[in-house]
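This is run_5.csv (CSV, C-alpha atoms).
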```csv
chain,number,residue,atom,x,y,z
A,16,MET,CA,19.6,-2.3,28.8
A,17,LYS,CA,17.3,-4.3,26.6
A,18,VAL,CA,17.2,-3.7,22.9
A,19,VAL,CA,14.9,-5.5,20.4
A,20,ILE,CA,16.2,-5.5,16.8
A,21,ALA,CA,13.6,-6.2,14.1
A,22,ILE,CA,14.8,-5.1,10.7
A,23,ASP,CA,13.8,-6.1,7.2
A,24,SER,CA,16.4,-7.1,4.7
A,25,PHE,CA,18.3,-4.4,2.8
A,26,LYS,CA,17.4,-6.0,-0.5
A,27,GLY,CA,20.3,-6.7,-2.8
A,28,SER,CA,22.7,-6.1,0.1
A,29,VAL,CA,22.3,-7.8,3.4
A,30,SER,CA,19.7,-10.2,4.8
A,31,SER,CA,17.6,-9.4,7.8
A,32,MET,CA,19.8,-11.7,9.9
A,33,GLU,CA,23.1,-10.3,8.7
A,34,GLY,CA,21.9,-6.7,9.3
A,35,SER,CA,20.7,-7.6,12.8
A,36,ARG,CA,24.1,-9.1,13.6
A,37,GLU,CA,25.9,-5.9,12.6
A,38,ILE,CA,23.5,-3.7,14.6
A,39,ALA,CA,24.0,-5.9,17.7
A,40,LEU,CA,27.8,-5.6,17.4
A,41,GLY,CA,27.4,-1.8,17.3
A,42,ILE,CA,25.3,-1.8,20.5
A,43,LYS,CA,27.7,-4.2,22.3
A,44,GLU,CA,30.7,-1.9,21.6
A,45,VAL,CA,28.9,0.7,23.9
A,46,TYR,CA,26.9,-1.6,26.1
A,47,PRO,CA,28.7,-4.9,26.4
A,48,ASN,CA,26.2,-6.4,28.7
A,49,ALA,CA,23.1,-5.3,26.8
A,50,ASP,CA,20.3,-7.8,26.5
A,51,ILE,CA,19.7,-7.9,22.7
A,52,VAL,CA,16.8,-9.8,21.1
A,53,SER,CA,16.9,-10.1,17.3
A,54,PHE,CA,14.1,-11.0,15.0
A,55,PRO,CA,14.5,-11.3,11.3
A,56,ILE,CA,11.3,-9.9,9.8
A,57,ALA,CA,9.6,-9.5,6.5
A,58,ASP,CA,6.4,-8.0,5.1
A,59,GLY,CA,5.1,-11.2,3.5
A,60,GLY,CA,7.3,-10.9,0.5
A,61,GLU,CA,10.9,-12.0,0.1
A,62,GLY,CA,12.4,-13.1,3.4
A,63,THR,CA,9.2,-14.3,4.9
A,64,VAL,CA,10.3,-18.0,5.0
A,65,GLU,CA,13.6,-17.1,6.6
A,66,ALA,CA,12.0,-14.8,9.2
A,67,LEU,CA,9.4,-17.3,10.4
A,68,VAL,CA,11.7,-20.3,10.3
A,69,ASN,CA,14.5,-18.6,12.2
A,70,ALA,CA,12.1,-17.0,14.8
A,71,THR,CA,10.5,-20.4,15.6
A,72,GLY,CA,13.4,-22.7,15.3
A,73,GLY,CA,12.0,-24.4,12.3
A,74,GLN,CA,13.6,-26.0,9.3
A,75,LEU,CA,13.9,-25.5,5.5
A,76,GLN,CA,12.6,-28.0,3.0
A,77,SER,CA,14.1,-28.1,-0.6
A,78,VAL,CA,11.8,-29.7,-3.2
A,79,LYS,CA,12.0,-30.2,-6.9
A,80,VAL,CA,9.0,-28.7,-8.5
A,81,THR,CA,7.6,-27.7,-11.9
A,82,GLY,CA,8.9,-24.2,-12.6
A,83,PRO,CA,7.0,-21.4,-14.3
A,84,LEU,CA,8.0,-22.6,-17.8
A,85,MET,CA,7.1,-26.2,-17.0
A,86,GLU,CA,10.8,-27.1,-16.5
A,87,PRO,CA,12.2,-28.6,-13.3
A,88,ALA,CA,13.1,-26.1,-10.6
A,89,GLN,CA,14.4,-26.4,-7.0
A,90,ALA,CA,12.3,-24.5,-4.5
A,91,THR,CA,12.6,-24.0,-0.8
A,92,TYR,CA,9.9,-23.5,1.8
A,93,GLY,CA,9.9,-23.6,5.6
A,94,ILE,CA,8.2,-25.5,8.4
A,95,THR,CA,8.0,-23.7,11.7
A,96,GLY,CA,9.2,-25.1,15.0
A,97,ASN,CA,5.9,-26.7,15.9
A,98,GLY,CA,6.1,-28.9,12.8
A,99,LYS,CA,2.6,-28.0,11.7
A,100,THR,CA,2.9,-24.7,9.9
A,101,ALA,CA,4.3,-24.4,6.4
A,102,VAL,CA,5.6,-21.1,5.2
A,103,ILE,CA,5.7,-20.7,1.4
A,104,GLU,CA,6.7,-17.7,-0.8
A,105,VAL,CA,5.0,-18.3,-4.1
A,106,ALA,CA,8.0,-16.7,-5.9
A,107,ALA,CA,10.1,-19.7,-4.9
A,108,ALA,CA,8.2,-21.8,-7.3
A,109,CYS,CA,6.9,-19.3,-9.9
A,110,GLY,CA,8.9,-16.2,-9.3
A,111,LEU,CA,10.1,-13.8,-12.0
A,112,PRO,CA,13.8,-14.5,-11.4
A,113,LEU,CA,13.1,-18.1,-12.5
A,114,VAL,CA,12.3,-17.0,-16.0
A,115,PRO,CA,15.1,-15.5,-18.2
A,116,GLU,CA,14.1,-12.1,-19.4
A,117,ALA,CA,13.8,-13.2,-23.0
A,118,PHE,CA,11.3,-15.9,-22.1
A,119,ARG,CA,9.0,-13.9,-19.8
A,120,ASN,CA,5.5,-14.4,-21.1
A,121,PRO,CA,2.5,-14.7,-18.6
A,122,MET,CA,0.5,-16.3,-21.4
A,123,LEU,CA,2.6,-19.4,-20.8
A,124,THR,CA,3.9,-19.3,-17.3
A,125,THR,CA,2.2,-21.5,-14.6
A,126,THR,CA,1.8,-21.6,-10.8
A,127,TYR,CA,1.9,-25.4,-10.9
A,128,GLY,CA,4.9,-25.5,-8.6
A,129,VAL,CA,3.2,-23.7,-5.8
A,130,GLY,CA,0.6,-26.5,-5.6
A,131,GLU,CA,3.4,-29.0,-5.5
A,132,LEU,CA,5.0,-27.2,-2.5
A,133,ILE,CA,1.6,-27.3,-0.7
A,134,ALA,CA,1.2,-31.0,-1.5
A,135,HIS,CA,4.7,-31.7,-0.2
A,136,ALA,CA,4.0,-29.8,3.0
A,137,MET,CA,0.7,-31.7,3.5
A,138,GLY,CA,2.8,-34.9,3.2
A,139,GLN,CA,5.0,-33.6,6.0
A,140,GLY,CA,1.9,-33.3,8.2
A,141,CYS,CA,1.4,-29.5,7.8
A,142,ARG,CA,-2.2,-28.4,8.0
A,143,GLU,CA,-1.6,-24.7,8.5
A,144,PHE,CA,-0.1,-22.5,5.8
A,145,VAL,CA,1.3,-19.0,5.7
A,146,ILE,CA,1.6,-18.0,2.1
A,147,GLY,CA,3.5,-14.9,0.9
A,148,LEU,CA,2.2,-13.6,-2.4
A,149,GLY,CA,4.2,-11.4,-4.6
A,150,GLY,CA,7.0,-11.6,-7.2
A,151,SER,CA,5.3,-14.1,-9.5
A,152,ALA,CA,6.0,-14.5,-13.2
A,153,THR,CA,2.4,-15.7,-13.8
A,154,ASN,CA,-1.1,-14.6,-14.7
A,155,ASP,CA,-3.0,-17.9,-14.6
A,156,ALA,CA,-5.4,-17.0,-11.7
A,157,GLY,CA,-3.8,-19.9,-9.7
A,158,VAL,CA,-5.2,-22.5,-12.1
A,159,GLY,CA,-1.8,-24.2,-12.3
A,160,MET,CA,-1.5,-24.4,-8.5
A,161,LEU,CA,-5.0,-25.9,-8.3
A,162,GLN,CA,-4.2,-28.4,-11.0
A,163,ALA,CA,-1.3,-29.7,-9.0
A,164,LEU,CA,-3.7,-30.1,-6.0
A,165,GLY,CA,-6.1,-32.3,-8.1
A,166,TYR,CA,-8.5,-29.7,-9.5
A,167,ARG,CA,-9.4,-30.2,-13.1
A,168,PHE,CA,-10.3,-27.4,-15.5
A,169,LYS,CA,-12.1,-28.5,-18.7
A,170,ASP,CA,-12.5,-26.8,-22.1
A,171,GLN,CA,-15.6,-27.0,-24.3
A,172,GLU,CA,-14.8,-30.5,-25.5
A,173,GLY,CA,-14.2,-31.8,-21.9
A,174,ASN,CA,-10.5,-31.9,-22.2
A,175,ASP,CA,-8.1,-30.6,-19.5
A,176,VAL,CA,-6.8,-27.2,-20.3
A,177,GLY,CA,-3.0,-26.6,-20.5
A,178,PRO,CA,-0.8,-24.3,-18.4
A,179,GLY,CA,-0.5,-20.6,-18.5
A,180,GLY,CA,-2.7,-17.5,-18.7
A,181,ASN,CA,-3.8,-18.3,-22.3
A,182,ALA,CA,-5.8,-21.3,-21.0
A,183,LEU,CA,-8.1,-19.1,-18.9
A,184,SER,CA,-10.4,-18.2,-21.8
A,185,MET,CA,-10.8,-21.9,-22.7
A,186,ILE,CA,-12.2,-23.0,-19.3
A,187,ARG,CA,-15.8,-24.0,-19.3
A,188,ARG,CA,-16.1,-26.4,-16.4
A,189,ILE,CA,-14.4,-26.9,-13.0
A,190,ASP,CA,-14.1,-30.5,-11.6
A,191,SER,CA,-13.1,-30.5,-7.9
A,192,ASN,CA,-13.9,-34.2,-7.4
A,193,HIS,CA,-10.3,-35.2,-7.4
A,194,ALA,CA,-8.9,-32.4,-5.2
A,195,CYS,CA,-6.6,-33.6,-2.4
A,196,PRO,CA,-8.9,-34.5,0.4
A,197,GLU,CA,-6.4,-33.2,3.0
A,198,LEU,CA,-7.1,-29.7,1.8
A,199,ARG,CA,-10.4,-29.8,3.8
A,200,GLN,CA,-8.3,-30.0,7.0
A,201,CYS,CA,-6.0,-27.1,6.0
A,202,GLU,CA,-6.1,-23.5,7.0
A,203,PHE,CA,-4.5,-20.9,4.7
A,204,LYS,CA,-3.4,-17.4,5.8
A,205,ILE,CA,-2.3,-15.2,2.9
A,206,ALA,CA,0.1,-12.3,3.4
A,207,CYS,CA,-1.2,-9.9,0.8
A,208,ASP,CA,-0.8,-6.1,0.9
A,209,VAL,CA,-2.6,-5.2,-2.4
A,210,ASN,CA,-6.3,-4.9,-2.9
A,211,ASN,CA,-6.4,-5.2,-6.7
A,212,PRO,CA,-9.4,-7.0,-8.2
A,213,LEU,CA,-9.0,-9.9,-10.5
A,214,TYR,CA,-9.7,-8.2,-13.8
A,215,GLY,CA,-10.4,-4.7,-15.2
A,216,PRO,CA,-8.2,-1.6,-15.3
A,217,ASN,CA,-6.9,-2.2,-11.8
A,218,GLY,CA,-6.8,-5.9,-12.1
A,219,ALA,CA,-4.0,-8.5,-12.3
A,220,ALA,CA,-3.4,-8.2,-16.1
A,221,TYR,CA,-3.4,-4.4,-16.6
A,222,VAL,CA,-1.4,-3.6,-13.4
A,223,PHE,CA,1.1,-6.4,-13.1
A,224,ALA,CA,1.4,-8.4,-16.4
A,225,PRO,CA,3.5,-5.8,-18.3
A,226,GLN,CA,6.3,-6.3,-15.8
A,227,LYS,CA,6.1,-10.0,-16.4
A,228,GLY,CA,6.7,-9.7,-20.1
A,229,ALA,CA,3.2,-9.0,-21.5
A,230,ASN,CA,2.7,-6.6,-24.4
A,231,PRO,CA,-0.5,-4.6,-24.7
A,232,ALA,CA,-2.2,-7.2,-26.8
A,233,MET,CA,-1.4,-9.9,-24.3
A,234,VAL,CA,-2.6,-7.7,-21.5
A,235,GLU,CA,-6.0,-7.5,-23.2
A,236,GLU,CA,-6.2,-11.2,-23.8
A,237,LEU,CA,-5.2,-12.0,-20.2
A,238,ASP,CA,-7.7,-9.6,-18.8
A,239,ARG,CA,-10.4,-11.2,-20.9
A,240,GLY,CA,-9.4,-14.6,-19.8
A,241,LEU,CA,-9.6,-13.6,-16.1
A,242,TYR,CA,-13.1,-12.1,-16.8
A,243,LEU,CA,-14.3,-15.3,-18.4
A,244,PHE,CA,-12.7,-17.5,-15.7
A,245,ALA,CA,-14.5,-15.5,-13.0
A,246,GLY,CA,-17.8,-16.1,-14.8
A,247,VAL,CA,-17.2,-19.9,-14.8
A,248,ALA,CA,-16.2,-19.8,-11.1
A,249,GLU,CA,-19.4,-17.9,-10.2
A,250,ARG,CA,-21.5,-20.3,-12.1
A,251,GLU,CA,-19.8,-23.5,-10.8
A,252,LEU,CA,-18.8,-22.4,-7.3
A,253,GLY,CA,-21.3,-19.6,-6.6
A,254,VAL,CA,-18.5,-17.2,-5.7
A,255,ASN,CA,-17.9,-13.8,-7.1
A,256,LEU,CA,-14.1,-13.6,-7.6
A,257,GLN,CA,-14.2,-9.9,-8.5
A,258,ASP,CA,-15.6,-9.0,-5.1
A,259,ILE,CA,-12.6,-10.5,-3.3
A,260,PRO,CA,-10.1,-7.8,-2.2
A,261,GLY,CA,-6.6,-8.8,-3.4
A,262,ALA,CA,-8.0,-11.4,-5.9
A,263,GLY,CA,-5.6,-9.9,-8.5
A,264,ALA,CA,-2.5,-10.4,-6.4
A,265,ALA,CA,0.3,-12.6,-7.9
A,266,GLY,CA,-1.5,-12.9,-11.2
A,267,GLY,CA,-4.8,-14.0,-9.7
A,268,LEU,CA,-3.3,-16.4,-7.1
A,269,GLY,CA,-5.2,-14.3,-4.5
A,270,ALA,CA,-8.5,-15.4,-6.1
A,271,ALA,CA,-7.5,-19.1,-6.2
A,272,PHE,CA,-6.5,-19.1,-2.5
A,273,ALA,CA,-9.6,-17.2,-1.4
A,274,ALA,CA,-12.2,-19.0,-3.5
A,275,PHE,CA,-11.0,-22.6,-3.7
A,276,LEU,CA,-8.9,-23.0,-0.5
A,277,LYS,CA,-11.0,-20.6,1.7
A,278,ALA,CA,-7.9,-18.6,2.6
A,279,GLU,CA,-7.9,-15.6,4.9
A,280,MET,CA,-6.2,-12.5,3.4
A,281,GLN,CA,-4.1,-10.6,6.0
A,282,SER,CA,-1.7,-7.7,6.1
A,283,GLY,CA,1.7,-9.2,5.3
A,284,VAL,CA,3.7,-7.6,8.0
A,285,GLY,CA,0.9,-8.0,10.6
A,286,LEU,CA,0.8,-11.7,9.9
A,287,VAL,CA,4.5,-12.2,10.1
A,288,LEU,CA,5.0,-10.1,13.3
A,289,ASP,CA,2.1,-12.0,14.9
A,290,LYS,CA,3.6,-15.4,14.0
A,291,ILE,CA,7.1,-14.5,15.5
A,292,GLY,CA,5.6,-13.1,18.7
A,293,LEU,CA,7.3,-9.8,18.4
A,294,LYS,CA,4.8,-7.9,20.6
A,295,GLU,CA,5.4,-10.2,23.5
A,296,SER,CA,9.2,-10.0,23.1
A,297,MET,CA,9.2,-6.2,23.3
A,298,ALA,CA,8.0,-6.2,26.9
A,299,GLY,CA,10.5,-4.3,29.0
A,300,ALA,CA,12.6,-3.1,26.1
A,301,ASP,CA,14.4,0.2,26.3
A,302,PHE,CA,14.7,0.6,22.6
A,303,VAL,CA,13.5,-1.0,19.4
A,304,ILE,CA,15.6,-0.8,16.2
A,305,THR,CA,13.9,-1.4,12.9
A,306,GLY,CA,14.7,-0.5,9.3
A,307,GLU,CA,15.0,-1.5,5.6
A,308,GLY,CA,17.0,-0.6,2.6
A,309,LYS,CA,15.1,2.6,1.9
A,310,LEU,CA,12.7,4.6,4.1
A,311,ASP,CA,10.2,6.5,1.9
A,312,GLY,CA,6.5,7.1,1.3
A,313,GLN,CA,5.9,3.4,0.7
A,314,THR,CA,7.2,2.5,4.2
A,315,SER,CA,4.2,4.3,5.7
A,316,MET,CA,1.8,2.2,3.6
A,317,GLY,CA,2.2,-1.0,5.6
A,318,LYS,CA,5.8,-2.1,5.2
A,319,ALA,CA,7.7,-4.0,7.9
A,320,PRO,CA,9.3,-1.1,9.8
A,321,LEU,CA,5.9,0.6,10.2
A,322,GLY,CA,4.4,-2.6,11.7
A,323,VAL,CA,7.3,-2.8,14.1
A,324,ALA,CA,7.0,0.8,15.1
A,325,ALA,CA,3.2,0.5,15.7
A,326,LEU,CA,3.8,-2.4,18.2
A,327,ALA,CA,6.5,-0.5,20.0
A,328,GLN,CA,4.5,2.7,20.1
A,329,ALA,CA,1.6,0.9,21.8
A,330,GLN,CA,4.1,-0.1,24.6
A,331,GLY,CA,5.7,3.4,24.8
A,332,ILE,CA,9.1,2.1,23.6
A,333,PRO,CA,11.3,4.5,21.6
A,334,VAL,CA,12.0,3.3,18.0
A,335,ILE,CA,15.1,4.0,15.9
A,336,ALA,CA,14.8,3.3,12.2
A,337,LEU,CA,17.9,2.7,10.0
A,338,ALA,CA,18.1,2.7,6.2
A,339,GLY,CA,20.5,3.0,3.4
A,340,GLY,CA,18.5,5.9,1.9
A,341,VAL,CA,15.9,8.2,3.5
A,342,THR,CA,13.6,10.4,1.4
A,343,LYS,CA,11.7,13.5,2.6
A,344,GLU,CA,8.5,11.5,2.5
A,345,ALA,CA,9.8,9.4,5.4
A,346,SER,CA,9.1,12.3,7.8
A,347,VAL,CA,5.5,11.0,8.2
A,348,LEU,CA,7.0,8.0,10.1
A,349,ASN,CA,7.6,10.3,13.1
A,350,ASP,CA,3.8,10.5,13.5
A,351,LEU,CA,3.5,6.7,13.2
A,352,GLY,CA,5.7,5.4,16.0
A,353,VAL,CA,9.3,6.0,14.7
A,354,THR,CA,11.1,8.2,17.2
A,355,SER,CA,14.0,9.0,14.9
A,356,PHE,CA,15.2,7.7,11.6
A,357,HIS,CA,18.7,7.8,10.2
A,358,SER,CA,20.5,7.0,6.9
A,359,ILE,CA,23.6,4.9,7.5
A,360,ILE,CA,25.4,6.4,4.5
A,361,THR,CA,27.9,8.9,5.8
A,362,ALA,CA,29.6,10.1,2.6
A,363,PRO,CA,28.9,10.4,-1.1
A,364,MET,CA,29.2,7.1,-2.8
A,365,SER,CA,27.9,5.1,-5.8
A,366,LEU,CA,24.8,3.0,-5.4
A,367,GLU,CA,26.9,-0.1,-6.2
A,368,GLN,CA,29.3,0.8,-3.4
A,369,ALA,CA,26.5,1.6,-0.9
A,370,MET,CA,24.9,-1.8,-1.6
A,371,ASP,CA,28.1,-3.7,-1.1
A,372,PRO,CA,27.3,-6.2,1.7
A,373,ILE,CA,30.6,-5.4,3.5
A,374,GLU,CA,30.1,-1.7,3.2
A,375,THR,CA,26.5,-2.0,4.4
A,376,GLY,CA,27.5,-4.1,7.4
A,377,TYR,CA,30.1,-1.6,8.4
A,378,HIS,CA,27.8,1.4,8.2
A,379,LEU,CA,25.0,-0.4,10.1
A,380,ARG,CA,27.5,-1.2,12.9
A,381,SER,CA,29.1,2.2,12.9
A,382,THR,CA,25.9,4.2,12.9
A,383,THR,CA,24.4,2.1,15.7
A,384,LYS,CA,27.6,2.6,17.8
A,385,GLN,CA,27.4,6.3,17.4
A,386,LEU,CA,23.7,6.5,18.3
A,387,PHE,CA,24.3,4.5,21.4
A,388,ARG,CA,27.3,6.5,22.4
A,389,LEU,CA,24.9,9.5,22.3
A,390,ILE,CA,22.3,7.6,24.4
A,391,GLN,CA,25.0,6.6,26.9
A,392,ALA,CA,26.2,10.2,27.2
A,393,VAL,CA,22.7,11.5,27.8
A,394,LYS,CA,22.0,8.8,30.4
A,395,ALA,CA,25.4,9.7,32.1
A,396,SER,CA,24.5,13.3,32.3
A,397,GLY,CA,21.2,12.5,34.1
A,398,LYS,CA,19.3,15.0,31.9
```
Re-express the file's structure as structure tokens.
Amino acid sequence: MKVVIAIDSFKGSVSSMEGSREIALGIKEVYPNADIVSFPIADGGEGTVEALVNATGGQLQSVKVTGPLMEPAQATYGITGNGKTAVIEVAAACGLPLVPEAFRNPMLTTTYGVGELIAHAMGQGCREFVIGLGGSATNDAGVGMLQALGYRFKDQEGNDVGPGGNALSMIRRIDSNHACPELRQCEFKIACDVNNPLYGPNGAAYVFAPQKGANPAMVEELDRGLYLFAGVAERELGVNLQDIPGAGAAGGLGAAFAAFLKAEMQSGVGLVLDKIGLKESMAGADFVITGEGKLDGQTSMGKAPLGVAALAQAQGIPVIALAGGVTKEASVLNDLGVTSFHSIITAPMSLEQAMDPIETGYHLRSTTKQLFRLIQAVKASGK
């Protein structure tokens, strides 16, 4: 029997790799000689670096960067096994967890550290980049990142503007003469699963800034700054930032990558699964096991298990999905490639207990064992 395991992390509980290991143990208790292929996966957000580095035999790089509050921070990114592709989660350098709750203010936070990670990777010889957007504490339209890469943004007096979202409304001119020349050799692929425009009611400020610490007055000012910055970019670069789907992702980082670095926006899970070669590894599999912490309506809107199920369905392979919690909205997954889905929780318990890593590992292993005992019994009966 061949089984492919491709689960996302159970966030706050077990990593993708840890969960995969427990599932594999459950299978081995029933089918000791099973051929098990495990792929840690992600949807372009948290876990993307781990998934691609482990799948390709790559390595992690730890770099001291400028954090979102202009203080030193240690950030990790990955280089895949070919030594040419860097995998960066922007949250590693400008993520919300890097800012204490009392200091969260997207008027001040910067993406400068993201640019430093890119520069470091270029110094390691990387010319292809996979960037996971999401989880940022910023709303600076990627200006900080671009400043770290040599771009200069001038105010009315010709001075360089400072960090943070409050600088956007001051920008009058863009100087790209000092941008890192290596950028012209680079290809950027962006894992982005939101289509929000840069500004307006559905833009970066109104939709995402409140969760980053912005009050209503700040949201208005940030949105105005994004609008004015877009006007400068159109005049100086001839590009309409507002027309770029996903420009508002990660506080406007989507716009910076697309307009300044000519990046290609892609579905997060599609990009990750393609890079790890999951489709090819499924060939000849009897079952595929996928899952995440919770299966609900959002799962069917492009999250990792859905991407796995779609690949398996195309090859006629049954898919089992496991999760800590399953809502009634998850039933739509049966029409999208998931043969059956199961909650691993077997008795009433608190959320804290359910998310305990040891408890989660036990329930993943136990549930898998019981499912494969059933499969074994059906096979033995010949029905």
*Exercise: Leu237 of chain A partners within 12 Å, only C-alpha atoms, chain neighbours under 4 positions left out, as a VMD selection string*: chain A and resid 120 to 123 153 to 156 179 to 185 213 to 216 218 to 225 229 to 233 241 to 244 263 266 to 267
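In this comparison, which uses all atoms listed in the file, the residue of A:Ala70, A:Cys201, A:Ala345, A:Ala300 approaching Arg142 of chain A most closely is A:Cys201.
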*Who sits within 7 Å of Val254 of chain A, only C-alpha atoms, same chain under 5 positions skipped, as a PyMOL selection string*: chain A and resi 248-249+274
*Mind pulling up the distance from atom CA of Gly82 of chain A to atom CA of Cys109 of chain A?*
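Going from atom CA of Cys109 of chain A over to atom CA of Gly82 of chain A, I get 5.9 Å.
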*Find the residue from A:Gly72, A:Gly339, A:Gly159, A:Pro363 that sits nearest to His378 of chain A; use all atoms listed in the file when measuring.*
A:Gly339
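Comparing the minimum interatomic distances between Glu143 of chain A and each of A:Leu256, A:Ile304, A:Ala108, A:Ile205, counting only C-alpha atoms, we find that A:Ile205 sits nearest.
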*Quick one: residues within 7 Å of segment 20-31 of chain A, all atoms listed in the file counted, chain neighbours fewer than 3 positions away excluded, as a list of chain:residue names?*
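Final neighbour list, sorted by chain and number: A:Gly34, A:Ser35, A:Val52, A:Ser53, A:Phe54, A:Pro55, A:Ile56, A:Ala57, A:Val303, A:Ile304, A:Thr305, A:Gly306, A:Glu307, A:Gly308, A:Ala319, A:Pro320, A:Met370, A:Asp371, A:Pro372.
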Could you save the residues just selected, with C-alpha atoms, as a PDB file, in the coordinates of the input?
```
ATOM      1  CA  GLY A  34      21.900  -6.700   9.300  1.00  0.00           C
ATOM      2  CA  SER A  35      20.700  -7.600  12.800  1.00  0.00           C
ATOM      3  CA  VAL A  52      16.800  -9.800  21.100  1.00  0.00           C
ATOM      4  CA  SER A  53      16.900 -10.100  17.300  1.00  0.00           C
ATOM      5  CA  PHE A  54      14.100 -11.000  15.000  1.00  0.00           C
ATOM      6  CA  PRO A  55      14.500 -11.300  11.300  1.00  0.00           C
ATOM      7  CA  ILE A  56      11.300  -9.900   9.800  1.00  0.00           C
ATOM      8  CA  ALA A  57       9.600  -9.500   6.500  1.00  0.00           C
ATOM      9  CA  VAL A 303      13.500  -1.000  19.400  1.00  0.00           C
ATOM     10  CA  ILE A 304      15.600  -0.800  16.200  1.00  0.00           C
ATOM     11  CA  THR A 305      13.900  -1.400  12.900  1.00  0.00           C
ATOM     12  CA  GLY A 306      14.700  -0.500   9.300  1.00  0.00           C
ATOM     13  CA  GLU A 307      15.000  -1.500   5.600  1.00  0.00           C
ATOM     14  CA  GLY A 308      17.000  -0.600   2.600  1.00  0.00           C
ATOM     15  CA  ALA A 319       7.700  -4.000   7.900  1.00  0.00           C
ATOM     16  CA  PRO A 320       9.300  -1.100   9.800  1.00  0.00           C
ATOM     17  CA  MET A 370      24.900  -1.800  -1.600  1.00  0.00           C
ATOM     18  CA  ASP A 371      28.100  -3.700  -1.100  1.00  0.00           C
ATOM     19  CA  PRO A 372      27.300  -6.200   1.700  1.00  0.00           C
TER      20      PRO A 372
END
```
_Let me make sure I understand: among A:Leu198, A:Ala134, A:Ile186, A:Val80, which one has the smallest atom-to-atom distance to Val247 of chain A if we use all atoms listed in the file?_
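Comparing A:Leu198, A:Ala134, A:Ile186, A:Val80 against Val247 of chain A, the winner is A:Ile186.
Between atom CA of Gly376 of chain A and atom CA of Lys17 of chain A lies a distance of 21.7 Å.
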*Taking into account only C-alpha atoms, which residue in the set A:Glu197, A:Glu65, A:Glu367, A:Glu33 is nearest to His135 of chain A?*
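Result for the nearest residue to His135 of chain A: A:Glu197.
Among the candidates A:Ile259, A:Ala107, A:Ala101, A:Ile291, the residue lying nearest to Lys277 of chain A is A:Ile259 (atoms considered: all atoms listed in the file).
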